[in-house]
file target36.csv (CSV, C-alpha atoms)
chain,number,residue,atom,x,y,z
A,16,MET,CA,60.4,-102.0,-23.4
A,17,ASN,CA,58.6,-98.9,-22.4
A,18,PHE,CA,61.5,-97.0,-23.8
A,19,ASN,CA,61.3,-99.0,-27.1
A,20,ASP,CA,57.5,-98.3,-27.3
A,21,ASP,CA,58.3,-94.6,-27.0
A,22,MET,CA,60.9,-94.8,-29.7
A,23,ALA,CA,58.5,-96.5,-32.0
A,24,ASN,CA,55.9,-93.8,-31.4
A,25,ASP,CA,58.4,-91.1,-32.0
A,26,ALA,CA,59.5,-92.7,-35.2
A,27,SER,CA,56.0,-92.9,-36.5
A,28,GLY,CA,55.5,-89.2,-35.5
A,29,ALA,CA,52.4,-90.1,-33.6
A,30,ASP,CA,53.6,-89.3,-30.1
A,31,GLN,CA,53.3,-85.7,-28.9
A,32,HIS,CA,53.1,-85.6,-25.1
A,33,GLY,CA,52.8,-89.3,-24.4
A,34,GLU,CA,49.0,-89.0,-24.3
A,35,GLU,CA,48.5,-92.7,-23.8
A,36,ASN,CA,51.2,-93.1,-21.1
A,37,PRO,CA,50.6,-91.3,-17.9
A,38,VAL,CA,53.9,-90.4,-16.3
A,39,GLU,CA,54.2,-92.2,-13.0
A,40,GLY,CA,54.5,-90.2,-9.8
A,41,THR,CA,53.2,-86.9,-11.3
A,42,VAL,CA,50.3,-85.0,-10.0
A,43,THR,CA,47.0,-85.8,-11.7
A,44,LEU,CA,43.5,-84.5,-11.9
A,45,ALA,CA,42.6,-86.6,-8.9
A,46,ASP,CA,44.9,-84.5,-6.6
A,47,ASP,CA,43.6,-81.5,-4.6
A,48,ALA,CA,47.1,-80.1,-4.9
A,49,LEU,CA,46.7,-79.7,-8.6
A,50,TYR,CA,43.7,-77.4,-8.3
A,51,ARG,CA,45.5,-75.3,-5.7
A,52,ALA,CA,48.4,-74.9,-8.1
A,53,PHE,CA,46.0,-74.0,-10.9
A,54,ALA,CA,44.0,-71.6,-8.7
A,55,SER,CA,46.4,-68.7,-9.6
A,56,ARG,CA,46.5,-67.1,-13.0
A,57,GLN,CA,50.2,-66.4,-12.6
A,58,ARG,CA,51.0,-70.0,-12.0
A,59,ARG,CA,48.9,-71.1,-15.0
A,60,ARG,CA,50.8,-68.6,-17.1
A,61,LEU,CA,54.1,-69.9,-15.7
A,62,LEU,CA,53.2,-73.5,-16.5
A,63,ALA,CA,52.1,-72.7,-20.0
A,64,MET,CA,55.2,-70.7,-20.8
A,65,LEU,CA,57.6,-73.2,-19.2
A,66,ARG,CA,56.0,-75.9,-21.4
A,67,ASP,CA,56.8,-73.8,-24.5
A,68,VAL,CA,60.3,-73.1,-23.3
A,69,GLY,CA,61.1,-76.8,-23.1
A,70,ARG,CA,63.0,-79.0,-20.8
A,71,ASP,CA,66.1,-76.8,-20.5
A,72,GLY,CA,63.9,-74.3,-18.7
A,73,THR,CA,64.8,-70.7,-18.1
A,74,SER,CA,65.9,-68.2,-15.4
A,75,VAL,CA,63.7,-66.8,-12.7
A,76,ASP,CA,64.6,-63.3,-13.9
A,77,GLU,CA,63.4,-64.1,-17.4
A,78,LEU,CA,60.1,-65.5,-16.0
A,79,ALA,CA,59.6,-62.3,-14.0
A,80,THR,CA,60.1,-60.2,-17.1
A,81,LEU,CA,57.7,-62.4,-19.1
A,82,LEU,CA,55.0,-62.1,-16.3
A,83,CYS,CA,55.6,-58.3,-16.2
A,84,GLY,CA,55.2,-58.2,-20.0
A,85,TYR,CA,51.9,-60.1,-19.6
A,86,ASP,CA,50.6,-57.5,-17.1
A,87,ALA,CA,51.8,-54.6,-19.2
A,88,THR,CA,50.3,-55.8,-22.4
A,89,ASP,CA,47.0,-56.7,-20.7
A,90,ALA,CA,46.7,-53.3,-19.0
A,91,SER,CA,48.2,-51.3,-22.0
A,92,THR,CA,50.5,-49.6,-19.6
A,93,MET,CA,54.2,-49.4,-18.8
A,94,GLY,CA,55.3,-52.1,-16.4
A,95,THR,CA,57.7,-50.5,-13.9
A,96,ALA,CA,60.8,-51.8,-12.1
A,97,ASP,CA,58.6,-51.9,-8.9
A,98,ASP,CA,56.0,-54.1,-10.7
A,99,ARG,CA,58.7,-56.5,-11.8
A,100,ASP,CA,60.3,-56.5,-8.3
A,101,ARG,CA,56.9,-57.5,-6.8
A,102,LEU,CA,56.5,-60.3,-9.4
A,103,LEU,CA,60.1,-61.5,-8.7
A,104,ALA,CA,59.3,-61.7,-5.0
A,105,ALA,CA,56.0,-63.5,-5.6
A,106,LEU,CA,57.8,-66.0,-7.9
A,107,THR,CA,60.6,-66.8,-5.5
A,108,HIS,CA,58.5,-66.8,-2.3
A,109,VAL,CA,55.2,-68.2,-3.4
A,110,HIS,CA,54.6,-69.5,-6.9
A,111,LEU,CA,57.8,-71.4,-7.7
A,112,PRO,CA,58.1,-73.1,-4.3
A,113,HIS,CA,54.4,-74.1,-4.6
A,114,LEU,CA,54.8,-75.5,-8.2
A,115,ASP,CA,58.0,-77.3,-7.2
A,116,ASP,CA,56.3,-78.9,-4.1
A,117,VAL,CA,53.4,-80.2,-6.2
A,118,GLY,CA,55.9,-81.6,-8.7
A,119,LEU,CA,54.9,-79.5,-11.7
A,120,VAL,CA,58.2,-77.7,-12.1
A,121,GLU,CA,61.8,-78.2,-11.0
A,122,TYR,CA,63.0,-75.0,-9.3
A,123,ASP,CA,66.6,-74.6,-8.5
A,124,ARG,CA,66.9,-71.9,-5.9
A,125,THR,CA,70.6,-71.7,-5.9
A,126,ALA,CA,71.0,-71.4,-9.7
A,127,GLY,CA,67.8,-69.3,-10.1
A,128,THR,CA,66.5,-71.6,-12.8
A,129,VAL,CA,63.2,-73.3,-13.4
A,130,ALA,CA,62.5,-76.2,-15.7
A,131,PRO,CA,59.2,-77.9,-16.5
A,132,ARG,CA,58.4,-81.4,-15.4
A,133,PRO,CA,56.6,-84.0,-17.6
A,134,LEU,CA,52.9,-83.5,-17.1
A,135,ASP,CA,50.2,-86.0,-16.7
A,136,PRO,CA,48.1,-86.0,-20.0
A,137,GLY,CA,45.0,-84.9,-18.1
A,138,VAL,CA,46.9,-82.0,-16.6
A,139,GLU,CA,48.4,-81.2,-20.0
A,140,ASP,CA,44.9,-81.0,-21.3
A,141,LEU,CA,43.6,-78.9,-18.5
A,142,LEU,CA,46.6,-76.5,-19.1
A,143,ASP,CA,45.7,-76.3,-22.8
A,144,ARG,CA,42.1,-75.4,-21.9
A,145,SER,CA,43.0,-72.8,-19.4
A,146,VAL,CA,45.4,-71.1,-21.8
A,147,ALA,CA,42.8,-71.1,-24.6
A,148,ALA,CA,40.2,-69.7,-22.2
A,149,GLU,CA,42.5,-66.9,-21.1
A,150,SER,CA,43.5,-65.9,-24.5
A,151,ALA,CA,39.9,-66.0,-25.7
A,152,ARG,CA,39.1,-63.6,-22.9
A,153,ARG,CA,42.0,-61.3,-23.7
A,154,ARG,CA,42.0,-61.1,-27.4
A,155,PRO,CA,38.5,-59.5,-28.0
A,156,SER,CA,39.4,-56.6,-25.7
A,157,ARG,CA,42.6,-55.9,-27.6
A,158,ARG,CA,42.6,-53.4,-30.4
A,159,THR,CA,43.4,-54.9,-33.7
B,8,MET,CA,75.5,-23.6,-31.3
B,9,PHE,CA,72.5,-25.9,-31.9
B,10,ASP,CA,74.7,-28.2,-34.0
B,11,SER,CA,77.2,-28.5,-31.1
B,12,LEU,CA,74.3,-29.1,-28.7
B,13,LEU,CA,73.2,-31.9,-30.9
B,14,ALA,CA,76.6,-33.3,-31.1
B,15,GLY,CA,77.2,-33.0,-27.4
B,16,VAL,CA,74.2,-35.1,-26.2
B,17,ARG,CA,75.6,-38.1,-24.6
B,18,ARG,CA,73.9,-41.4,-25.2
B,19,ARG,CA,73.1,-43.3,-22.1
B,20,ASP,CA,73.3,-47.0,-22.4
B,21,HIS,CA,69.7,-47.9,-23.2
B,22,ALA,CA,69.0,-51.4,-24.3
B,23,PHE,CA,65.8,-52.5,-25.9
B,24,THR,CA,64.7,-56.1,-26.2
B,25,VAL,CA,61.7,-57.0,-28.3
B,26,TYR,CA,59.9,-60.2,-27.1
B,27,ARG,CA,57.9,-61.6,-29.9
B,28,GLY,CA,57.0,-64.6,-32.0
B,29,ASP,CA,58.2,-65.1,-35.6
B,30,GLU,CA,56.5,-62.0,-36.9
B,31,PRO,CA,58.5,-58.8,-36.7
B,32,THR,CA,56.7,-56.0,-34.9
B,33,ASP,CA,56.1,-52.5,-36.3
B,34,VAL,CA,58.0,-50.9,-33.4
B,35,GLU,CA,61.2,-52.5,-34.6
B,36,SER,CA,61.2,-50.5,-37.8
B,37,LEU,CA,60.6,-47.4,-35.7
B,38,PHE,CA,63.6,-48.2,-33.6
B,39,ALA,CA,65.6,-48.8,-36.7
B,40,ALA,CA,64.5,-45.4,-38.1
B,41,HIS,CA,65.8,-43.8,-34.8
B,42,GLY,CA,69.1,-45.5,-35.2
B,43,VAL,CA,68.5,-47.6,-32.2
B,44,GLU,CA,69.5,-51.3,-32.2
B,45,VAL,CA,67.2,-53.8,-30.6
B,46,ASP,CA,67.6,-57.3,-29.5
B,47,VAL,CA,64.9,-59.8,-30.3
B,48,ARG,CA,64.0,-62.7,-28.0
B,49,SER,CA,61.4,-65.3,-28.8
B,50,LEU,CA,58.2,-65.2,-26.9
B,51,PRO,CA,56.6,-68.5,-25.8
B,52,PRO,CA,53.5,-69.1,-28.0
B,53,ASP,CA,51.4,-69.3,-24.9
B,54,GLY,CA,53.0,-66.2,-23.5
B,55,PRO,CA,51.9,-62.5,-23.6
B,56,ASP,CA,51.4,-60.3,-26.6
B,57,PRO,CA,54.7,-58.9,-28.0
B,58,PHE,CA,56.3,-56.4,-25.7
B,59,VAL,CA,59.5,-54.4,-25.3
B,60,LEU,CA,61.9,-54.7,-22.4
B,61,ILE,CA,63.7,-51.4,-21.6
B,62,GLU,CA,67.0,-51.5,-19.7
B,63,THR,CA,69.2,-48.6,-18.8
B,64,ASP,CA,72.8,-49.2,-17.8
B,65,GLY,CA,72.0,-52.8,-17.4
B,66,GLU,CA,69.0,-52.2,-15.1
B,67,PHE,CA,65.4,-53.0,-15.8
B,68,VAL,CA,63.4,-49.8,-16.2
B,69,GLY,CA,60.2,-51.0,-17.8
B,70,VAL,CA,58.2,-53.1,-20.1
B,71,ILE,CA,55.5,-51.9,-22.5
B,72,GLY,CA,53.4,-53.6,-25.1
B,73,ALA,CA,55.0,-53.4,-28.6
B,74,ALA,CA,51.7,-52.0,-29.9
B,75,GLU,CA,51.5,-49.4,-27.1
B,76,LEU,CA,55.1,-48.2,-27.7
B,77,ASP,CA,54.5,-48.1,-31.4
B,78,GLY,CA,51.5,-45.9,-30.7
B,79,LEU,CA,53.6,-43.6,-28.4
B,80,LEU,CA,56.4,-43.2,-30.8
B,81,GLU,CA,54.3,-42.7,-33.9
B,82,PRO,CA,51.2,-41.1,-32.6
B,83,PRO,CA,48.1,-40.4,-34.6
B,84,ILE,CA,46.9,-36.9,-34.9
B,85,VAL,CA,46.1,-35.8,-31.3
B,86,ARG,CA,42.4,-35.2,-30.8
B,87,PRO,CA,41.3,-33.2,-27.8
B,88,GLY,CA,39.7,-36.2,-26.1
B,89,GLU,CA,42.9,-38.3,-26.4
B,90,ARG,CA,45.2,-35.6,-25.2
B,91,ASP,CA,45.5,-36.7,-21.6
B,92,GLU,CA,46.1,-40.3,-22.4
B,93,VAL,CA,48.8,-39.5,-25.0
B,94,SER,CA,50.5,-37.2,-22.5
B,95,ALA,CA,50.6,-39.8,-19.8
B,96,GLY,CA,52.3,-42.2,-22.2
B,97,TYR,CA,54.7,-39.6,-23.3
B,98,ARG,CA,55.6,-38.7,-19.7
B,99,ALA,CA,56.6,-42.4,-19.2
B,100,VAL,CA,58.6,-42.4,-22.4
B,101,PHE,CA,60.3,-39.1,-21.3
B,102,GLU,CA,61.2,-40.6,-18.1
B,103,LEU,CA,62.6,-43.7,-19.8
B,104,PHE,CA,64.2,-41.9,-22.7
B,105,ASP,CA,66.1,-39.1,-21.1
B,106,ASP,CA,68.2,-37.4,-23.7
B,107,THR,CA,66.7,-39.3,-26.6
B,108,LEU,CA,68.5,-38.9,-29.8
B,109,PHE,CA,66.4,-39.5,-32.9
B,110,SER,CA,67.0,-39.5,-36.6
B,111,SER,CA,64.6,-39.6,-39.6
B,112,MET,CA,61.8,-38.6,-37.3
B,113,ARG,CA,58.7,-37.6,-39.1
B,114,ARG,CA,57.0,-34.2,-38.6
B,115,GLY,CA,54.0,-35.8,-36.9
B,116,ALA,CA,56.1,-37.6,-34.2
B,117,LEU,CA,58.1,-34.4,-33.6
B,118,LEU,CA,54.8,-32.5,-33.2
B,119,ALA,CA,53.7,-35.0,-30.6
B,120,VAL,CA,56.9,-34.6,-28.6
B,121,SER,CA,56.4,-30.8,-28.9
B,122,HIS,CA,52.8,-31.1,-27.6
B,123,GLU,CA,54.1,-33.0,-24.6
B,124,ILE,CA,56.6,-30.2,-23.7
B,125,GLU,CA,53.8,-27.6,-24.2
B,126,ASP,CA,51.5,-29.7,-22.1
B,127,ARG,CA,54.0,-29.8,-19.3
B,128,ALA,CA,54.4,-26.1,-19.4
B,129,TYR,CA,50.6,-25.8,-19.4
B,130,ARG,CA,50.2,-28.0,-16.3
B,131,VAL,CA,52.9,-26.2,-14.4
B,132,GLY,CA,51.5,-22.9,-15.5
B,133,THR,CA,54.5,-20.8,-14.5
B,134,GLY,CA,58.0,-20.2,-16.0
B,135,ALA,CA,59.1,-19.6,-19.5
B,136,LEU,CA,58.4,-21.5,-22.7
B,137,HIS,CA,60.7,-20.8,-25.7
B,138,ALA,CA,59.6,-22.0,-29.1
B,139,SER,CA,61.4,-21.5,-32.3
B,140,PHE,CA,59.3,-22.1,-35.4
B,141,GLN,CA,62.0,-21.5,-38.0
B,142,ARG,CA,59.6,-19.1,-39.7
B,143,PHE,CA,56.8,-17.1,-38.2
B,144,SER,CA,54.5,-18.4,-40.9
B,145,ALA,CA,55.1,-21.9,-39.4
B,146,PHE,CA,53.6,-20.6,-36.2
B,147,ARG,CA,50.3,-19.8,-37.9
B,148,PRO,CA,48.7,-23.3,-37.3
B,149,GLN,CA,49.7,-23.0,-33.6
B,150,VAL,CA,48.2,-19.6,-32.9
B,151,ASP,CA,45.0,-20.8,-31.3
B,152,ALA,CA,46.9,-23.4,-29.1
B,153,TYR,CA,49.3,-20.7,-27.9
B,154,ARG,CA,46.5,-18.2,-27.3
B,155,HIS,CA,45.0,-20.8,-24.9
B,156,LEU,CA,48.4,-21.6,-23.4
B,157,ALA,CA,49.0,-17.9,-22.6
B,158,ALA,CA,45.5,-17.1,-21.5
B,159,ASP,CA,45.1,-20.1,-19.1
B,160,THR,CA,48.5,-19.8,-17.4
B,161,ASP,CA,51.1,-17.3,-16.1
B,162,LEU,CA,53.6,-18.7,-18.6
B,163,ASP,CA,56.0,-16.3,-20.2
B,164,VAL,CA,56.0,-17.5,-23.8
B,165,HIS,CA,58.7,-16.6,-26.4
B,166,VAL,CA,58.2,-17.3,-30.0
B,167,TYR,CA,61.2,-17.1,-32.4
B,168,GLY,CA,61.4,-17.3,-36.1
B,169,ASP,CA,62.2,-15.7,-39.4
B,170,ASP,CA,60.1,-12.6,-39.8
B,171,ASP,CA,58.1,-13.8,-42.9
B,172,TRP,CA,54.6,-13.2,-41.5
B,173,ASP,CA,53.0,-10.8,-39.0
B,174,PRO,CA,51.7,-13.0,-36.1
B,175,PRO,CA,48.7,-11.6,-34.1
B,176,ALA,CA,49.4,-9.9,-30.8
B,177,ILE,CA,48.7,-12.3,-27.9
B,178,PRO,CA,49.0,-11.2,-24.2
B,179,GLY,CA,51.8,-13.2,-22.6
B,180,VAL,CA,53.4,-14.1,-25.9
B,181,GLY,CA,56.5,-12.2,-27.1
B,182,TYR,CA,57.8,-12.5,-30.6
B,183,HIS,CA,61.5,-12.4,-31.5
B,184,ALA,CA,62.3,-12.1,-35.1
B,185,VAL,CA,65.6,-13.8,-35.8
B,186,ASP,CA,68.1,-13.3,-38.6
B,187,ASP,CA,70.2,-16.3,-37.7
B,188,ASP,CA,70.8,-19.0,-40.2
B,189,GLU,CA,71.4,-21.7,-37.7
B,190,LEU,CA,68.2,-21.0,-35.8
B,191,ARG,CA,66.2,-21.0,-39.0
B,192,ARG,CA,67.3,-24.5,-39.7
B,193,HIS,CA,66.3,-25.8,-36.3
B,194,TRP,CA,63.1,-26.7,-34.5
B,195,VAL,CA,63.7,-25.7,-30.9
B,196,LEU,CA,61.4,-25.9,-27.9
B,197,ALA,CA,62.3,-25.5,-24.3
B,198,PHE,CA,60.5,-25.1,-21.0
B,199,ASP,CA,62.4,-24.0,-18.0
B,200,GLY,CA,60.3,-25.9,-15.5
B,201,GLY,CA,58.7,-22.9,-13.9
B,202,ASP,CA,57.9,-23.3,-10.1
B,203,GLY,CA,58.7,-26.9,-9.3
B,204,GLY,CA,58.3,-28.4,-12.8
B,205,GLN,CA,60.7,-30.5,-14.7
B,206,PRO,CA,62.6,-28.5,-17.4
B,207,CYS,CA,62.5,-30.2,-20.8
B,208,GLY,CA,63.4,-29.3,-24.3
B,209,LEU,CA,64.0,-30.5,-27.8
B,210,VAL,CA,66.3,-29.5,-30.7
B,211,ALA,CA,65.8,-30.9,-34.2
B,212,VAL,CA,67.3,-30.1,-37.5
B,213,GLU,CA,65.3,-30.5,-40.7
B,214,GLU,CA,67.0,-32.7,-43.3
B,215,SER,CA,65.0,-33.4,-46.5
B,216,ASP,CA,61.5,-33.6,-44.8
B,217,GLU,CA,62.8,-35.5,-41.9
B,218,TYR,CA,64.2,-34.4,-38.5
B,219,THR,CA,67.3,-35.4,-36.6
B,220,GLY,CA,67.7,-34.3,-33.0
B,221,PHE,CA,67.1,-35.0,-29.4
B,222,TRP,CA,64.7,-34.3,-26.6
B,223,THR,CA,65.9,-34.1,-23.0
B,224,ASP,CA,64.9,-33.8,-19.4
B,225,ASP,CA,68.4,-32.8,-18.3
B,226,ASP,CA,68.3,-29.5,-16.4
B,227,ALA,CA,71.7,-28.3,-17.6
B,228,LEU,CA,71.0,-29.2,-21.2
B,229,VAL,CA,67.7,-27.4,-21.2
B,230,GLU,CA,69.5,-24.3,-19.8
B,231,ASP,CA,72.0,-24.6,-22.7
B,232,ILE,CA,69.1,-24.7,-25.2
B,233,ILE,CA,67.4,-21.7,-23.7
B,234,ALA,CA,70.7,-19.8,-23.6
B,235,ALA,CA,71.4,-20.6,-27.2
B,236,VAL,CA,67.9,-19.6,-28.5
B,237,THR,CA,67.9,-16.3,-26.6
B,238,ALA,CA,71.5,-15.6,-27.8
B,239,ALA,CA,70.5,-16.2,-31.4
B,240,ALA,CA,67.6,-13.8,-31.0
B,241,ALA,CA,69.6,-11.0,-29.3

call {"tool": "encode", "arguments": {"input": "target36.csv", "output": "structure tokens"}}
result
Amino acid sequence: MNFNDDMANDASGADQHGEENPVEGTVTLADDALYRAFASRQRRRLLAMLRDVGRDGTSVDELATLLCGYDATDASTMGTADDRDRLLAALTHVHLPHLDDVGLVEYDRTAGTVAPRPLDPGVEDLLDRSVAAESARRRPSRRT
Amino acid sequence: MFDSLLAGVRRRDHAFTVYRGDEPTDVESLFAAHGVEVDVRSLPPDGPDPFVLIETDGEFVGVIGAAELDGLLEPPIVRPGERDEVSAGYRAVFELFDDTLFSSMRRGALLAVSHEIEDRAYRVGTGALHASFQRFSAFRPQVDAYRHLAADTDLDVHVYGDDDWDPPAIPGVGYHAVDDDELRRHWVLAFDGGDGGQPCGLVAVEESDEYTGFWTDDDALVEDIIAAVTAAAA
């Protein structure tokens, strides 16, 4: 029934992120854990990029490279192997376990892969706003 | 001699991956002009600005913004105030692009690489700098820069070229008129590293307004360049 409703929405092209249907068991704006997860810029970046990548997810190595690219383009400098090693360590020891515990991503330590989990619409919205706020802050400072 | 040096430069296994959205970046055409193949990976829309991943022999060696790398490889005219910043970037590129072969390089870009080599010599302040300008008249725009270079340092500067102009006497700068067809066709610059500095050099050949050649940080290769240029002048 729910499944059929979703199908109907898809067919009409109206459904994007299931706005009207909160996903059960996911972290919501009422959870302290959500704000702890969102308290780190790196984790917000990870969530936004993982959402773009889609449900198949990507490798931890690739995420480290992307975060390193973020820092390098922000600072207009060369990101070094040391920089990336530090990011990789932070990913595997801090950020990904954290996001996995909260239920925002699915982190497979053995395979070294990460996939996004369906987000509560309110969380989705918060992520959109944080992404927009960050890019608004970065763009004006960049040369054209 | 220079042609064989050019031919002998081995190409290390550098791999470049451009992370970007649908729009190609300027730096990709620069890579293409240098005969360097690049991979392209799609960047998440909510990700960073386009950047380039550099790997050597399969290992990560760096990432740099596509715009920054473009600026490094195709520098604007270097104004005095920007000199330090440009040099720092070039140092990074030198470290990453050891033995960099290039083709179809424009004169401006080659000048920027030359400035980096001269800057290194300036910073170290000792040792010998060898510069072949094809013709002495081509040295004319550089006279002031070399006057500074020689006056501010203990560098032993050697300038080579076809004797088509009388360059002014500068203490610390020796002129070597060459009557060597091969040397006349090449743009050669080499610094021996002085006391504790890193030797570096470049060899380029002019082909219809563009240059093909390499620059290098390889000690032995720099020695070969210096041996070749001094032999051609002897």

call {"tool": "residues_near_point", "arguments": {"input": "target36.csv", "point": "(60.1, -62.2, -34.1)", "cutoff": "9 Å", "atoms": "all atoms listed in the file", "output": "list in words"}}
result
Val25, Tyr26, Arg27, Gly28, Asp29, Glu30, Pro31, Thr32, Val47, Arg48, Ser49, Leu50 and Pro57 of chain B

call {"tool": "closest_atom_pairs", "arguments": {"input": "target36.csv", "of": "chain B", "to": "chain A", "cutoff": "7 Å", "atoms": "only C-alpha atoms", "output": "Markdown table"}}
result
| residue | atom | partner | partner_atom | distance |
| --- | --- | --- | --- | --- |
| B:Pro51 | CA | A:Asp67 | CA | 5.5 |
| B:Pro52 | CA | A:Asp67 | CA | 6.7 |
| B:Asp53 | CA | A:Met64 | CA | 5.8 |
| B:Gly54 | CA | A:Met64 | CA | 5.7 |
| B:Pro55 | CA | A:Tyr85 | CA | 4.7 |
| B:Asp56 | CA | A:Thr88 | CA | 6.3 |
| B:Phe58 | CA | A:Gly84 | CA | 6.1 |
| B:Phe67 | CA | A:Ala96 | CA | 6.0 |
| B:Val68 | CA | A:Ala96 | CA | 5.3 |
| B:Gly69 | CA | A:Thr95 | CA | 4.7 |
| B:Val70 | CA | A:Gly94 | CA | 4.8 |
| B:Ile71 | CA | A:Met93 | CA | 4.7 |
| B:Gly72 | CA | A:Thr88 | CA | 4.7 |
| B:Glu75 | CA | A:Ser91 | CA | 6.4 |

call {"tool": "atom_distance", "arguments": {"input": "target36.csv", "atom1": "CA of Asp202 (chain B)", "atom2": "CA of Ile232 (chain B)"}}
result
18.9 Å

call {"tool": "residues_near_point", "arguments": {"input": "target36.csv", "point": "(47.6, -73.9, -15.3)", "cutoff": "9 Å", "atoms": "all atoms listed in the file", "output": "PyMOL selection string"}}
result
chain A and resi 49-50+52-63+138-139+141-146

call {"tool": "write_last_selection", "arguments": {"input": "target36.csv", "atoms": "C-alpha atoms", "output": "mmCIF file, keeping the file's coordinate frame"}}
result
data_model
loop_
_atom_site.group_PDB
_atom_site.id
_atom_site.type_symbol
_atom_site.label_atom_id
_atom_site.label_comp_id
_atom_site.auth_asym_id
_atom_site.auth_seq_id
_atom_site.Cartn_x
_atom_site.Cartn_y
_atom_site.Cartn_z
ATOM 1 C CA LEU A 49 46.700 -79.700 -8.600
ATOM 2 C CA TYR A 50 43.700 -77.400 -8.300
ATOM 3 C CA ALA A 52 48.400 -74.900 -8.100
ATOM 4 C CA PHE A 53 46.000 -74.000 -10.900
ATOM 5 C CA ALA A 54 44.000 -71.600 -8.700
ATOM 6 C CA SER A 55 46.400 -68.700 -9.600
ATOM 7 C CA ARG A 56 46.500 -67.100 -13.000
ATOM 8 C CA GLN A 57 50.200 -66.400 -12.600
ATOM 9 C CA ARG A 58 51.000 -70.000 -12.000
ATOM 10 C CA ARG A 59 48.900 -71.100 -15.000
ATOM 11 C CA ARG A 60 50.800 -68.600 -17.100
ATOM 12 C CA LEU A 61 54.100 -69.900 -15.700
ATOM 13 C CA LEU A 62 53.200 -73.500 -16.500
ATOM 14 C CA ALA A 63 52.100 -72.700 -20.000
ATOM 15 C CA VAL A 138 46.900 -82.000 -16.600
ATOM 16 C CA GLU A 139 48.400 -81.200 -20.000
ATOM 17 C CA LEU A 141 43.600 -78.900 -18.500
ATOM 18 C CA LEU A 142 46.600 -76.500 -19.100
ATOM 19 C CA ASP A 143 45.700 -76.300 -22.800
ATOM 20 C CA ARG A 144 42.100 -75.400 -21.900
ATOM 21 C CA SER A 145 43.000 -72.800 -19.400
ATOM 22 C CA VAL A 146 45.400 -71.100 -21.800
#

call {"tool": "atom_distance", "arguments": {"input": "target36.csv", "atom1": "CA of Val129 (chain A)", "atom2": "CA of Arg152 (chain A)"}}
result
27.7 Å

call {"tool": "closest_residue", "arguments": {"input": "target36.csv", "among": "A:Leu44, A:Pro133, A:Val109, A:Ala151", "to": "Arg70 (chain A)", "atoms": "all atoms listed in the file"}}
result
A:Pro133

call {"tool": "atom_distance", "arguments": {"input": "target36.csv", "atom1": "CA of Val75 (chain A)", "atom2": "CA of Asp33 (chain B)"}}
result
28.6 Å

call {"tool": "closest_residue", "arguments": {"input": "target36.csv", "among": "A:Thr125, A:Ala79, A:Asp47, A:Ser74", "to": "Arg101 (chain A)", "atoms": "only C-alpha atoms"}}
result
A:Ala79

call {"tool": "residues_around", "arguments": {"input": "target36.csv", "residues": "Leu136 (chain B)", "least_positions_apart": "2", "cutoff": "8 Å", "atoms": "all atoms listed in the file", "output": "PDB file with C-alpha atoms, in the frame of the given file"}}
result
ATOM      1  CA  GLU B 125      53.800 -27.600 -24.200  1.00  0.00           C
ATOM      2  CA  ALA B 128      54.400 -26.100 -19.400  1.00  0.00           C
ATOM      3  CA  GLY B 134      58.000 -20.200 -16.000  1.00  0.00           C
ATOM      4  CA  ALA B 138      59.600 -22.000 -29.100  1.00  0.00           C
ATOM      5  CA  LEU B 162      53.600 -18.700 -18.600  1.00  0.00           C
ATOM      6  CA  ASP B 163      56.000 -16.300 -20.200  1.00  0.00           C
ATOM      7  CA  VAL B 164      56.000 -17.500 -23.800  1.00  0.00           C
ATOM      8  CA  HIS B 165      58.700 -16.600 -26.400  1.00  0.00           C
ATOM      9  CA  LEU B 196      61.400 -25.900 -27.900  1.00  0.00           C
ATOM     10  CA  ALA B 197      62.300 -25.500 -24.300  1.00  0.00           C
ATOM     11  CA  PHE B 198      60.500 -25.100 -21.000  1.00  0.00           C
ATOM     12  CA  ASP B 199      62.400 -24.000 -18.000  1.00  0.00           C
TER      13      ASP B 199
END

call {"tool": "build_atoms", "arguments": {"input": "target36.csv", "residues": "region 112-119 of chain A", "atoms": "N, CA and C atoms", "output": "CSV table (one decimal), in the coordinates of the input"}}
result
chain,number,residue,atom,x,y,z
A,112,PRO,N,58.1,-72.1,-5.4
A,112,PRO,CA,58.1,-73.1,-4.3
A,112,PRO,C,56.9,-74.0,-4.4
A,113,HIS,N,55.7,-73.4,-4.6
A,113,HIS,CA,54.4,-74.1,-4.6
A,113,HIS,C,54.5,-75.1,-5.8
A,114,LEU,N,54.8,-74.6,-7.0
A,114,LEU,CA,54.8,-75.5,-8.2
A,114,LEU,C,55.8,-76.6,-8.0
A,115,ASP,N,56.9,-76.3,-7.4
A,115,ASP,CA,58.0,-77.3,-7.2
A,115,ASP,C,57.5,-78.4,-6.2
A,116,ASP,N,56.8,-77.9,-5.1
A,116,ASP,CA,56.3,-78.9,-4.1
A,116,ASP,C,55.3,-79.9,-4.7
A,117,VAL,N,54.4,-79.3,-5.6
A,117,VAL,CA,53.4,-80.2,-6.2
A,117,VAL,C,54.1,-81.1,-7.3
A,118,GLY,N,55.2,-80.7,-7.7
A,118,GLY,CA,55.9,-81.6,-8.7
A,118,GLY,C,55.7,-81.2,-10.1
A,119,LEU,N,55.2,-79.9,-10.3
A,119,LEU,CA,54.9,-79.5,-11.7
A,119,LEU,C,56.1,-78.9,-12.4
